[in-house]
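These notes concern the structure reproduced below.
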Amino acid sequence: QVQLVESGGGSVQPGGSRRLSCAASGSVLSISVMGWYRQAPGKERELVAAIATGGSTTYADSVKGRFTISRDFAKNTVYLQMNSLKVDDTAVYYCNLNSRVYGEYWGQGTQVTVSS
């Protein structure tokens with residue numbers, strides 16, 4: 001059983017920045033694909049960014065150049081640095097772990113609200 005705990009959500013003005021964190025219970029990052037997803041009201045959950053076991057990253061077109069996913073093996077934590085935030089980035093952000101060994105897990109979600 002793997003637990004993912006997100007933090008860092010909150011309210012921010014357009015153009016601002018926010019960093020989300022996802023702490024995993026145990027040393028699982030090196031054998032897992034870690035991703036950040038988001039779901040806005042009335043919309044489907046979508047992939048925002050992911051980092052593979054080898055370190056390669058993937059981003060949704062809507063966040064390229066603004067968001068950066070990274071990980072810290074020592075802290076078993078994945079981060080999502082969000083810059084130049086827009087109103088359309090408002091959503092609940094979820095951390096996802098996908099591992100051949102452990103299966104798939106989701107965090108509880110953290111709300112990010114971008115508003116003036």
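Ordering of the structure tokens sets the chain letters (A, B, ...), residue numbers begin anew at 1 in every chain, and ligands are numbered from 1 in the order given.
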
If we count only C-alpha atoms and set the cut-off at 12 Å, which residues sit around segment 99-116 of chain A, ignoring sequence neighbours fewer than 6 positions away in its own chain? Please answer as number ranges by chain. A: 1-41, 45, 52-53, 78, 80, 82-93

Interatomic distance, atom CA of Asp61 of chain A to atom CA of Val48 of chain A (Å, one decimal):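 Here the two named atoms are 8.6 Å from each other.
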
As a CSV table (one decimal) with C-alpha atoms, in the first residue's frame, please: every residue in chain A that DSSP puts in strand (DSSP E or B).
chain,number,residue,atom,x,y,z
A,4,LEU,CA,0.4,9.9,-1.6
A,5,VAL,CA,0.0,13.2,0.3
A,6,GLU,CA,-0.3,16.4,-1.6
A,7,SER,CA,0.3,19.9,-0.3
A,10,GLY,CA,-4.3,27.5,-2.3
A,11,SER,CA,-5.3,30.8,-3.9
A,12,VAL,CA,-3.1,32.8,-6.2
A,18,ARG,CA,2.7,28.0,-6.7
A,19,ARG,CA,4.6,24.8,-5.9
A,20,LEU,CA,2.7,21.6,-5.2
A,21,SER,CA,4.3,18.7,-3.4
A,22,CYS,CA,3.4,15.1,-3.3
A,23,ALA,CA,5.1,13.0,-0.7
A,24,ALA,CA,5.0,9.2,-1.1
A,33,VAL,CA,5.9,7.0,-13.2
A,34,MET,CA,4.8,10.0,-11.2
A,35,GLY,CA,2.2,12.4,-12.6
A,36,TRP,CA,0.2,15.4,-11.8
A,37,TYR,CA,-3.4,15.5,-13.0
A,38,ARG,CA,-6.1,18.1,-12.6
A,39,GLN,CA,-9.8,18.3,-12.7
A,46,GLU,CA,-6.5,15.6,-17.4
A,47,LEU,CA,-2.8,14.9,-17.3
A,48,VAL,CA,-0.8,18.0,-16.5
A,49,ALA,CA,2.7,16.6,-16.3
A,50,ALA,CA,4.5,13.3,-15.7
A,51,ILE,CA,8.0,12.1,-15.0
A,57,THR,CA,9.1,14.5,-18.6
A,58,THR,CA,5.8,15.0,-20.4
A,59,TYR,CA,3.6,18.1,-20.3
A,67,PHE,CA,5.0,24.3,-15.2
A,68,THR,CA,7.9,22.0,-14.2
A,69,ILE,CA,7.7,18.6,-12.7
A,70,SER,CA,10.6,17.4,-10.6
A,71,ARG,CA,11.4,14.8,-7.9
A,72,ASP,CA,13.6,14.4,-4.9
A,77,THR,CA,8.6,13.7,-3.1
A,78,VAL,CA,7.5,14.9,-6.5
A,79,TYR,CA,6.9,18.6,-7.1
A,80,LEU,CA,5.0,20.7,-9.6
A,81,GLN,CA,6.3,24.2,-9.9
A,82,MET,CA,3.6,26.3,-11.5
A,91,ALA,CA,-8.7,23.0,-10.6
A,92,VAL,CA,-8.1,20.2,-8.1
A,93,TYR,CA,-4.7,18.8,-8.6
A,94,TYR,CA,-4.0,15.2,-8.0
A,95,CYS,CA,-0.8,13.3,-7.7
A,96,ASN,CA,-0.6,9.9,-9.4
A,97,LEU,CA,1.8,7.0,-9.0
A,98,ASN,CA,1.9,4.2,-11.5
A,99,SER,CA,4.3,1.3,-10.9
A,103,GLY,CA,0.1,-0.6,-9.1
A,104,GLU,CA,-1.6,2.7,-9.3
A,105,TYR,CA,-2.4,5.2,-6.6
A,106,TRP,CA,-3.9,8.6,-6.3
A,110,THR,CA,-5.3,19.8,-3.5
A,111,GLN,CA,-7.3,22.8,-4.7
A,112,VAL,CA,-5.6,25.5,-6.7
A,113,THR,CA,-7.6,28.6,-7.4
A,114,VAL,CA,-6.3,31.4,-9.7

Using DSSP on the backbone coordinates, identify all residues within chain A classified as helix (DSSP H, G or I); present the result as a ChimeraX atom specification. /A:29-31,87-89

Go ahead and write the residues just picked, N, CA and C atoms, as a compact mmCIF listing (two decimals), in the first residue's frame.
# COMPACT_ATOMS: atom_id res chain seq x y z
N LEU A 29 9.74 6.21 -5.84
CA LEU A 29 9.85 7.10 -7.00
C LEU A 29 10.70 6.51 -8.12
N SER A 30 11.75 5.81 -7.77
CA SER A 30 12.69 5.33 -8.79
C SER A 30 12.09 4.22 -9.66
N ILE A 31 11.02 3.60 -9.21
CA ILE A 31 10.40 2.51 -9.98
C ILE A 31 8.97 2.84 -10.34
N VAL A 87 -6.22 31.89 -14.95
CA VAL A 87 -7.52 31.52 -14.37
C VAL A 87 -7.91 30.10 -14.78
N ASP A 88 -7.58 29.73 -16.02
CA ASP A 88 -7.91 28.40 -16.52
C ASP A 88 -7.14 27.28 -15.82
N ASP A 89 -6.15 27.62 -15.03
CA ASP A 89 -5.42 26.60 -14.28
C ASP A 89 -6.14 26.21 -13.00
